[in-house]
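model01.cif (mmCIF, C-alpha atoms) appears below.
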```
data_upload
#
loop_
_atom_site.label_atom_id
_atom_site.label_comp_id
_atom_site.auth_asym_id
_atom_site.auth_seq_id
_atom_site.Cartn_x
_atom_site.Cartn_y
_atom_site.Cartn_z
CA PHE A 1 86.94 156.78 115.86
CA CYS A 2 90.71 156.57 115.65
CA GLY A 3 90.85 160.25 114.74
CA LEU A 4 88.99 161.25 117.90
CA PHE A 5 90.10 158.85 120.59
CA ARG A 6 93.69 158.74 121.79
CA HIS A 7 94.19 154.99 121.81
CA LYS A 8 93.55 152.15 119.40
CA SER A 9 91.83 150.17 122.13
CA GLY A 10 90.75 150.39 125.75
CA ASN A 11 89.59 154.02 125.64
CA VAL A 12 87.80 154.83 128.91
CA ILE A 13 84.55 156.80 128.57
CA GLY A 14 83.11 158.03 131.87
CA MET A 15 79.37 158.35 132.40
CA ILE A 16 77.71 161.53 133.63
CA HIS A 17 74.22 160.60 134.78
CA VAL A 18 72.39 163.91 134.43
CA ARG A 19 70.06 164.69 137.32
CA ALA A 20 66.32 164.31 136.70
CA THR A 21 65.12 166.84 134.15
CA PRO A 22 62.06 169.09 134.61
CA GLY A 23 58.73 167.31 134.51
CA THR A 24 60.05 163.90 135.51
CA PRO A 25 58.88 162.27 138.78
CA ARG A 26 62.24 162.65 140.53
CA SER A 27 62.98 166.18 139.36
CA SER A 28 64.24 168.23 142.31
CA HIS A 29 66.97 170.48 140.89
CA SER A 30 66.86 173.72 138.94
CA VAL A 31 68.34 173.66 135.46
CA GLN A 32 71.37 175.59 136.71
CA GLU A 33 71.90 173.06 139.51
CA ILE A 34 71.71 170.22 136.98
CA VAL A 35 74.33 171.97 134.86
CA ASN A 36 76.60 172.62 137.83
CA ILE A 37 76.54 169.01 139.01
CA ALA A 38 77.32 167.66 135.52
CA CYS A 39 80.16 170.13 135.05
CA LYS A 40 81.66 169.21 138.42
CA GLU A 41 81.72 165.57 137.34
CA ALA A 42 83.25 166.51 133.98
CA VAL A 43 86.08 168.33 135.77
CA LEU A 44 86.73 165.27 137.92
CA TYR A 45 86.92 163.02 134.86
CA LYS A 46 89.18 165.50 133.09
CA GLU A 47 91.58 165.63 136.01
CA ALA A 48 91.66 161.82 136.16
CA GLY A 49 92.67 161.61 132.49
CA LEU A 50 89.69 159.83 130.99
CA ASP A 51 89.59 159.47 127.21
CA GLY A 52 86.01 160.69 126.82
CA VAL A 53 82.70 161.22 128.61
CA MET A 54 79.07 160.52 127.83
CA LEU A 55 75.94 162.10 129.30
CA GLU A 56 72.63 160.33 129.84
CA ASN A 57 69.32 161.29 131.44
CA MET A 58 69.46 158.21 133.65
CA HIS A 59 67.57 159.81 136.54
CA ASP A 60 64.46 160.44 134.39
CA VAL A 61 62.75 157.24 135.53
CA PRO A 62 60.32 155.94 134.48
CA TYR A 63 61.48 156.59 130.94
CA LEU A 64 59.29 157.72 128.10
CA HIS A 65 59.30 155.75 124.86
CA THR A 66 61.20 157.26 121.91
CA SER A 67 59.24 160.15 120.38
CA GLN A 68 57.24 160.66 123.59
CA VAL A 69 60.30 162.36 125.08
CA GLY A 70 59.39 166.04 125.24
CA PRO A 71 61.20 169.24 124.27
CA GLU A 72 61.81 170.03 127.95
CA VAL A 73 64.19 167.06 128.10
CA THR A 74 65.91 167.79 124.80
CA SER A 75 66.43 171.46 125.66
CA VAL A 76 67.89 170.79 129.11
CA MET A 77 70.14 168.03 127.80
CA SER A 78 71.40 170.41 125.10
CA ILE A 79 72.35 173.05 127.68
CA VAL A 80 74.02 170.55 130.00
CA CYS A 81 75.93 168.90 127.16
CA TYR A 82 77.11 172.25 125.81
CA GLU A 83 78.53 173.28 129.19
CA VAL A 84 80.20 169.91 129.73
CA LYS A 85 81.76 170.05 126.27
CA ARG A 86 83.27 173.43 127.14
CA ILE A 87 85.07 171.74 130.01
CA PHE A 88 85.92 168.54 128.13
CA SER A 89 86.91 170.27 124.91
CA HIS A 90 90.10 168.22 124.54
CA ALA A 91 88.37 164.85 124.04
CA PRO A 92 85.20 163.25 122.65
CA VAL A 93 81.87 163.82 124.39
CA GLY A 94 78.70 161.89 123.63
CA VAL A 95 75.08 161.66 124.71
CA GLN A 96 72.23 159.19 125.05
CA VAL A 97 68.62 160.26 125.57
CA LEU A 98 66.43 157.63 127.20
CA ALA A 99 64.55 155.76 126.17
CA GLY A 100 65.31 155.22 122.53
CA ALA A 101 65.12 158.95 121.76
CA ASN A 102 67.89 158.65 119.22
CA LYS A 103 66.83 161.49 116.92
CA GLU A 104 66.60 163.75 119.95
CA ALA A 105 70.11 162.66 120.96
CA LEU A 106 71.41 163.60 117.52
CA ALA A 107 69.76 167.01 117.79
CA VAL A 108 71.34 167.53 121.23
CA ALA A 109 74.75 166.47 119.95
CA LYS A 110 74.48 168.80 116.97
CA ALA A 111 73.48 171.76 119.13
CA ALA A 112 76.11 171.11 121.80
CA GLY A 113 79.01 170.28 119.50
CA LEU A 114 79.38 166.66 120.62
CA GLN A 115 81.15 163.84 118.81
CA PHE A 116 78.90 160.80 119.25
CA ILE A 117 75.59 159.45 120.45
CA ARG A 118 74.57 156.10 121.88
CA ALA A 119 71.50 154.70 120.14
CA GLU A 120 69.32 151.78 121.14
CA GLY A 121 66.98 149.83 118.89
CA PHE A 122 69.10 150.45 115.79
CA VAL A 123 68.43 147.12 114.08
CA PHE A 124 65.86 144.37 114.69
CA SER A 125 63.32 144.67 117.53
CA HIS A 126 63.38 143.93 121.24
CA VAL A 127 61.11 144.33 124.25
CA ALA A 128 62.49 146.91 126.68
CA ASP A 129 61.23 148.17 130.06
CA GLU A 130 59.35 150.85 128.12
CA GLY A 131 57.74 148.43 125.67
CA LEU A 132 58.49 147.22 122.17
CA MET A 133 61.45 148.93 120.49
CA ASN A 134 61.63 148.66 116.72
CA ALA A 135 64.57 149.27 114.41
CA CYS A 136 65.24 152.96 113.76
CA SER A 137 68.36 152.93 111.59
CA GLY A 138 66.75 154.05 108.34
CA GLU A 139 65.01 157.04 109.88
CA LEU A 140 67.90 157.92 112.19
CA MET A 141 70.64 157.94 109.57
CA ARG A 142 68.50 159.99 107.20
CA TYR A 143 67.88 162.46 110.02
CA ARG A 144 71.63 162.68 110.63
CA LYS A 145 72.09 163.58 106.97
CA TYR A 146 69.17 166.03 107.06
CA ILE A 147 70.57 168.11 109.95
CA GLY A 148 74.14 168.04 108.66
CA ALA A 149 75.43 165.89 111.52
CA GLU A 150 77.40 163.30 109.58
CA ASP A 151 80.47 164.13 111.67
CA ILE A 152 78.65 162.80 114.75
CA MET A 153 79.26 159.09 115.25
CA VAL A 154 76.35 156.79 116.05
CA PHE A 155 77.34 153.98 118.44
CA THR A 156 74.61 151.36 118.61
CA ASP A 157 73.62 148.85 121.28
CA ILE A 158 73.22 145.24 120.17
CA LYS A 159 71.22 142.77 122.25
CA LYS A 160 71.08 145.58 124.79
CA LYS A 161 70.69 145.41 128.56
CA HIS A 162 67.33 145.70 130.35
CA SER A 163 65.62 144.01 127.43
CA SER A 164 64.13 140.74 126.27
CA HIS A 165 65.44 139.43 122.95
CA ALA A 166 63.20 136.38 122.64
CA ILE A 167 61.73 137.66 119.37
CA THR A 168 65.21 137.60 117.81
CA SER A 169 66.49 134.50 119.58
CA ASP A 170 67.42 132.99 116.21
CA VAL A 171 69.74 135.95 115.48
CA ASP A 172 73.00 135.80 117.43
CA ILE A 173 74.94 138.80 118.65
CA VAL A 174 77.54 138.67 115.87
CA SER A 175 74.82 138.64 113.21
CA THR A 176 73.19 141.60 114.98
CA ALA A 177 76.51 143.45 114.96
CA GLN A 178 76.99 142.72 111.27
CA ALA A 179 73.49 143.99 110.51
CA SER A 180 74.32 147.20 112.42
CA GLU A 181 77.50 147.61 110.41
CA PHE A 182 75.59 147.06 107.15
CA PHE A 183 73.10 149.73 108.22
CA LEU A 184 75.97 152.23 108.72
CA SER A 185 76.54 152.07 112.48
CA ASP A 186 79.82 153.74 113.46
CA GLY A 187 80.40 151.27 116.30
CA VAL A 188 78.53 148.60 118.25
CA ILE A 189 78.09 148.33 122.02
CA VAL A 190 78.05 145.01 123.88
CA THR A 191 76.53 144.96 127.39
CA GLY A 192 75.59 142.64 130.21
CA GLY A 193 71.99 142.02 131.18
CA ALA A 194 71.59 145.21 133.24
CA THR A 195 73.38 148.37 134.33
CA GLY A 196 76.57 147.42 136.14
CA HIS A 197 76.48 143.80 134.91
CA ALA A 198 79.56 142.59 133.07
CA ALA A 199 79.37 141.77 129.38
CA ASN A 200 80.07 138.22 128.28
CA ILE A 201 83.78 138.14 127.42
CA SER A 202 83.31 135.51 124.72
CA GLU A 203 80.61 137.61 123.07
CA VAL A 204 82.83 140.70 123.11
CA LYS A 205 85.66 138.78 121.43
CA ALA A 206 83.29 137.23 118.90
CA VAL A 207 81.91 140.63 117.92
CA LEU A 208 85.45 142.06 117.69
CA GLY A 209 86.23 139.30 115.22
CA GLY A 210 83.00 139.70 113.28
CA VAL A 211 82.83 143.35 112.24
CA HIS A 212 85.05 146.03 110.72
CA ILE A 213 83.78 148.86 112.94
CA PRO A 214 84.70 149.79 116.54
CA VAL A 215 83.37 147.62 119.36
CA LEU A 216 82.63 149.13 122.76
CA VAL A 217 81.73 147.51 126.08
CA GLY A 218 78.76 149.27 127.63
CA SER A 219 78.36 147.91 131.16
CA GLY A 220 80.05 146.17 134.04
CA VAL A 221 83.67 147.24 133.48
CA THR A 222 85.63 147.40 136.75
CA GLN A 223 89.21 147.80 137.86
CA GLU A 224 89.31 144.06 138.45
CA ASN A 225 88.05 142.96 135.00
CA TYR A 226 89.44 145.78 132.84
CA HIS A 227 92.13 143.48 131.45
CA HIS A 228 89.46 141.19 129.99
CA TYR A 229 87.96 144.00 127.90
CA ARG A 230 90.93 146.15 126.89
CA GLN A 231 90.87 144.65 123.38
CA ALA A 232 87.65 146.56 122.79
CA HIS A 233 87.98 150.02 121.30
CA GLY A 234 86.01 151.77 124.03
CA LEU A 235 84.88 150.99 127.58
CA ILE A 236 81.90 152.93 128.92
CA VAL A 237 82.20 153.07 132.71
CA GLY A 238 79.48 154.44 134.97
CA SER A 239 78.47 152.39 137.99
CA TYR A 240 82.00 151.43 139.00
CA PHE A 241 83.02 155.07 139.32
CA LYS A 242 80.22 155.74 141.83
CA ARG A 243 80.20 155.22 145.59
CA ASN A 244 79.49 151.58 146.41
CA GLY A 245 79.44 150.87 142.67
CA SER A 246 75.87 152.13 142.37
CA TRP A 247 74.98 154.29 139.36
CA ASP A 248 72.73 156.66 141.35
CA GLU A 249 75.41 157.59 143.90
CA GLU A 250 77.96 160.41 143.67
CA ILE A 251 81.20 159.85 141.75
CA ASP A 252 83.92 158.49 144.01
CA ARG A 253 87.13 160.32 143.12
CA SER A 254 89.29 157.60 144.68
CA ARG A 255 87.67 154.87 142.57
CA VAL A 256 88.19 156.86 139.38
CA LYS A 257 91.81 157.61 140.29
CA ALA A 258 92.62 153.98 141.12
CA PHE A 259 90.93 152.74 137.94
CA MET A 260 92.86 155.11 135.68
CA GLU A 261 96.14 154.39 137.45
CA ASN A 262 95.58 150.71 136.73
CA VAL A 263 94.78 151.50 133.09
CA SER A 264 97.97 153.56 132.76
CA LYS A 265 100.08 150.67 134.05
CA VAL A 266 98.94 148.23 131.38
CA ARG A 267 98.34 150.44 128.34
CA HIS A 268 101.87 149.90 127.07
CA ILE A 269 101.38 146.11 127.06
CA PRO A 270 100.41 144.86 123.57
CA VAL A 271 96.87 143.56 123.18
CA GLU A 272 96.23 140.21 121.54
CA SER A 273 94.03 141.31 118.68
CA THR A 274 90.85 139.42 117.79
CA MET A 275 89.50 142.24 115.70
CA ILE A 276 89.40 142.36 111.92
CA MET A 277 89.67 146.14 111.60
#
```
Conversion result in structure tokens:
Amino acid sequence: FCGLFRHKSGNVIGMIHVRATPGTPRSSHSVQEIVNIACKEAVLYKEAGLDGVMLENMHDVPYLHTSQVGPEVTSVMSIVCYEVKRIFSHAPVGVQVLAGANKEALAVAKAAGLQFIRAEGFVFSHVADEGLMNACSGELMRYRKYIGAEDIMVFTDIKKKHSSHAITSDVDIVSTAQASEFFLSDGVIVTGGATGHAANISEVKAVLGGVHIPVLVGSGVTQENYHHYRQAHGLIVGSYFKRNGSWDEEIDRSRVKAFMENVSKVRHIPVESTMIM
């Protein structure tokens, strides 16, 4: 992580929500149009000085469950990611394939030359919008070895958004993070309850103090609350960068610019460390 990202903490990773891929209910763009839109957003993020970007097939609602995701999605995501990486060659680029298609995300990252993936359902089980998600770490990390992708980091959601965690209510978020670390996660992601919802600050600090791997915040980061989360190693920002703060709107250049200007003003200020790295 420290060899890829420019800063020890507070790295800003901008989301590119790839337009609906072929075969999905909201698909309305050609593959070339999908590529062009994603590349335009990558250029905007590059010009604003973000520390990394991540792509996700967010518009593919309703999402398919894990291995049900078809080759038409994987192939399009590979092409889009490859073109974005050509633009954002100076910094890390990652991908998530919804929902829970973590092996497919690794394959995309390998083909496109990316540096990380975001994986859900890594340890324990939870009930997501798409149904029951079971732990995938054993299969996923063996697949990473099998395809020669050990240089691709696997960042893993813990107690993730849009999910019920009643079946693991006796396992707290720090224990979940520690289980992820034990099962070879390269970093854990803490989120709020839904897209755009802020993560619990106390939980973020507790996880930072409970594991020896990077901790990222995966939802709800804004210009106003950035200072609460800058201890974390990475901040994944999507909704806030969009018009009206809505993930399905266009990126608002002025919001991105103002956010990064605020980040630049405080980056030189030392962070009170709660992490044990």
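Here the selection is built from all atoms listed in the file, and the residues within 12 Å of (65.7, 154.2, 108.0) turn out to be Lys103, Gly121, Phe122, Val123, Phe124, Asn134, Ala135, Cys136, Ser137, Gly138, Glu139, Leu140, Met141, Arg142, Tyr143, Arg144, Lys145, Ser180, Phe183, Leu184 and Ser185 of chain A.
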Can you spit out the residues from that selection as a compact mmCIF listing (two decimals), in the coordinates of the input, using C-alpha atoms?
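Once written, out26.txt looks like this:
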```
# COMPACT_ATOMS: atom_id res chain seq x y z
CA LYS A 103 66.83 161.49 116.92
CA GLY A 121 66.98 149.83 118.89
CA PHE A 122 69.10 150.45 115.79
CA VAL A 123 68.43 147.12 114.08
CA PHE A 124 65.86 144.37 114.69
CA ASN A 134 61.63 148.66 116.72
CA ALA A 135 64.57 149.27 114.41
CA CYS A 136 65.24 152.96 113.76
CA SER A 137 68.36 152.93 111.59
CA GLY A 138 66.75 154.05 108.34
CA GLU A 139 65.01 157.04 109.88
CA LEU A 140 67.90 157.92 112.19
CA MET A 141 70.64 157.94 109.57
CA ARG A 142 68.50 159.99 107.20
CA TYR A 143 67.88 162.46 110.02
CA ARG A 144 71.63 162.68 110.63
CA LYS A 145 72.09 163.58 106.97
CA SER A 180 74.32 147.20 112.42
CA PHE A 183 73.10 149.73 108.22
CA LEU A 184 75.97 152.23 108.72
CA SER A 185 76.54 152.07 112.48
```
Distance query range 246-255 of chain A at most 12 Å, all atoms listed in the file, self and fewer than 2 positions along chain excluded, as a ChimeraX atom specification: /A:14-20,37-38,40-48,56-61,194-197,219-220,222-224,237-244,257-262
Point-to-point distance from CA of Ile147 in chain A to CA of Gln115 in chain A, Å rounded to tenths: 14.4 Å
Hits of the PyMOL selection byres ((chain A and resi 13) around 6) in this structure, as a PyMOL selection string: chain A and resi 12+14+51-53+235-236
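Distance check against Ser175 in chain A using only C-alpha atoms: of A:Ala206, A:Leu4, A:Val266, A:Ala149, the minimum falls on A:Ala206.
CA of Phe1 in chain A is positioned 12.4 Å from CA of Gly94 in chain A.
Distances from A:Ala232, A:Val73, A:Ile201, A:Ala166 to Ile189 in chain A were compared using only C-alpha atoms, and the smallest one belongs to A:Ala232.
Of the residues under consideration (A:Met133, A:Leu114, A:Met77, A:Val221), A:Val221 shows the shortest atom-to-atom contact distance to Gly10 in chain A when counting all atoms listed in the file.
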Please write C-alpha atoms of range 112-229 of chain A, from the structure given just now, as a tab-separated table (two decimals), in the first residue's frame.
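Printed below is selection.tsv as written:
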```tsv
chain	number	residue	atom	x	y	z
A	112	ALA	CA	-6.30	-4.33	-17.31
A	113	GLY	CA	-3.12	-3.91	-15.28
A	114	LEU	CA	-4.82	-2.57	-12.14
A	115	GLN	CA	-3.43	-2.43	-8.63
A	116	PHE	CA	-6.31	-3.45	-6.37
A	117	ILE	CA	-9.83	-4.79	-6.11
A	118	ARG	CA	-12.60	-4.23	-3.60
A	119	ALA	CA	-14.11	-7.50	-2.41
A	120	GLU	CA	-17.26	-8.08	-0.40
A	121	GLY	CA	-18.12	-11.17	1.61
A	122	PHE	CA	-14.47	-11.97	2.36
A	123	VAL	CA	-15.01	-13.41	5.84
A	124	PHE	CA	-18.12	-14.55	7.71
A	125	SER	CA	-21.57	-14.31	6.10
A	126	HIS	CA	-24.14	-11.55	5.72
A	127	VAL	CA	-27.48	-11.00	4.01
A	128	ALA	CA	-27.18	-8.49	1.17
A	129	ASP	CA	-29.75	-7.04	-1.24
A	130	GLU	CA	-28.90	-9.94	-3.57
A	131	GLY	CA	-29.30	-12.63	-0.91
A	132	LEU	CA	-26.97	-14.52	1.40
A	133	MET	CA	-23.28	-13.80	0.88
A	134	ASN	CA	-20.84	-16.35	2.26
A	135	ALA	CA	-17.14	-16.01	2.96
A	136	CYS	CA	-14.99	-16.28	-0.17
A	137	SER	CA	-11.46	-15.67	1.11
A	138	GLY	CA	-10.12	-19.20	0.69
A	139	GLU	CA	-11.28	-19.53	-2.90
A	140	LEU	CA	-10.44	-15.93	-3.82
A	141	MET	CA	-6.88	-15.90	-2.52
A	142	ARG	CA	-6.14	-19.24	-4.18
A	143	TYR	CA	-7.50	-17.84	-7.44
A	144	ARG	CA	-5.22	-14.82	-7.07
A	145	LYS	CA	-2.27	-17.18	-6.75
A	146	TYR	CA	-3.50	-19.32	-9.66
A	147	ILE	CA	-3.65	-16.44	-12.16
A	148	GLY	CA	-0.38	-14.87	-11.00
A	149	ALA	CA	-2.04	-11.77	-9.57
A	150	GLU	CA	-0.35	-11.60	-6.19
A	151	ASP	CA	0.73	-8.03	-6.95
A	152	ILE	CA	-2.94	-7.00	-6.97
A	153	MET	CA	-4.12	-5.94	-3.52
A	154	VAL	CA	-7.44	-7.21	-2.19
A	155	PHE	CA	-9.24	-4.62	-0.06
A	156	THR	CA	-12.14	-6.19	1.79
A	157	ASP	CA	-15.39	-4.78	3.16
A	158	ILE	CA	-16.20	-5.58	6.78
A	159	LYS	CA	-19.76	-5.30	8.09
A	160	LYS	CA	-20.50	-3.79	4.69
A	161	LYS	CA	-23.22	-1.35	3.67
A	162	HIS	CA	-26.57	-2.41	2.20
A	163	SER	CA	-26.50	-5.57	4.29
A	164	SER	CA	-27.92	-7.19	7.39
A	165	HIS	CA	-25.36	-8.56	9.84
A	166	ALA	CA	-27.77	-10.11	12.34
A	167	ILE	CA	-26.27	-13.56	11.80
A	168	THR	CA	-22.89	-12.26	13.01
A	169	SER	CA	-24.20	-9.88	15.65
A	170	ASP	CA	-21.94	-11.54	18.22
A	171	VAL	CA	-18.85	-10.67	16.14
A	172	ASP	CA	-17.89	-6.99	16.37
A	173	ILE	CA	-16.28	-5.00	13.59
A	174	VAL	CA	-12.77	-5.18	15.04
A	175	SER	CA	-12.97	-8.96	15.30
A	176	THR	CA	-14.19	-9.05	11.70
A	177	ALA	CA	-11.25	-6.90	10.63
A	178	GLN	CA	-8.83	-9.15	12.49
A	179	ALA	CA	-10.33	-12.22	10.82
A	180	SER	CA	-9.85	-10.51	7.43
A	181	GLU	CA	-6.23	-9.78	8.27
A	182	PHE	CA	-5.68	-13.39	9.35
A	183	PHE	CA	-7.15	-14.56	6.04
A	184	LEU	CA	-4.62	-12.39	4.13
A	185	SER	CA	-6.67	-9.29	3.30
A	186	ASP	CA	-4.45	-6.44	2.11
A	187	GLY	CA	-6.70	-3.82	3.71
A	188	VAL	CA	-10.15	-3.52	5.26
A	189	ILE	CA	-12.94	-1.11	4.33
A	190	VAL	CA	-15.30	0.44	6.88
A	191	THR	CA	-18.60	1.90	5.61
A	192	GLY	CA	-21.84	3.44	6.76
A	193	GLY	CA	-25.16	1.69	6.33
A	194	ALA	CA	-25.64	2.65	2.68
A	195	THR	CA	-24.00	4.43	-0.24
A	196	GLY	CA	-23.26	8.01	0.76
A	197	HIS	CA	-23.80	7.34	4.48
A	198	ALA	CA	-20.92	8.25	6.77
A	199	ALA	CA	-19.00	5.54	8.58
A	200	ASN	CA	-19.04	5.50	12.36
A	201	ILE	CA	-15.96	7.46	13.43
A	202	SER	CA	-15.48	5.40	16.58
A	203	GLU	CA	-15.58	2.19	14.56
A	204	VAL	CA	-13.00	3.53	12.10
A	205	LYS	CA	-10.64	4.43	14.95
A	206	ALA	CA	-11.21	1.09	16.67
A	207	VAL	CA	-10.36	-0.82	13.49
A	208	LEU	CA	-7.28	1.36	12.93
A	209	GLY	CA	-6.12	0.34	16.39
A	210	GLY	CA	-6.99	-3.32	15.94
A	211	VAL	CA	-5.18	-4.45	12.79
A	212	HIS	CA	-1.76	-4.20	11.17
A	213	ILE	CA	-3.07	-3.70	7.62
A	214	PRO	CA	-4.40	-0.55	5.89
A	215	VAL	CA	-7.85	0.71	6.83
A	216	LEU	CA	-10.00	2.52	4.28
A	217	VAL	CA	-13.29	4.39	4.64
A	218	GLY	CA	-15.72	3.30	1.95
A	219	SER	CA	-18.70	5.65	2.11
A	220	GLY	CA	-19.96	9.02	3.24
A	221	VAL	CA	-16.74	11.05	3.12
A	222	THR	CA	-17.40	14.74	2.42
A	223	GLN	CA	-15.48	17.99	2.44
A	224	GLU	CA	-17.09	18.76	5.79
A	225	ASN	CA	-16.15	15.50	7.56
A	226	TYR	CA	-12.84	14.70	5.84
A	227	HIS	CA	-10.90	15.75	8.94
A	228	HIS	CA	-12.61	13.02	10.97
A	229	TYR	CA	-11.35	10.28	8.65
```
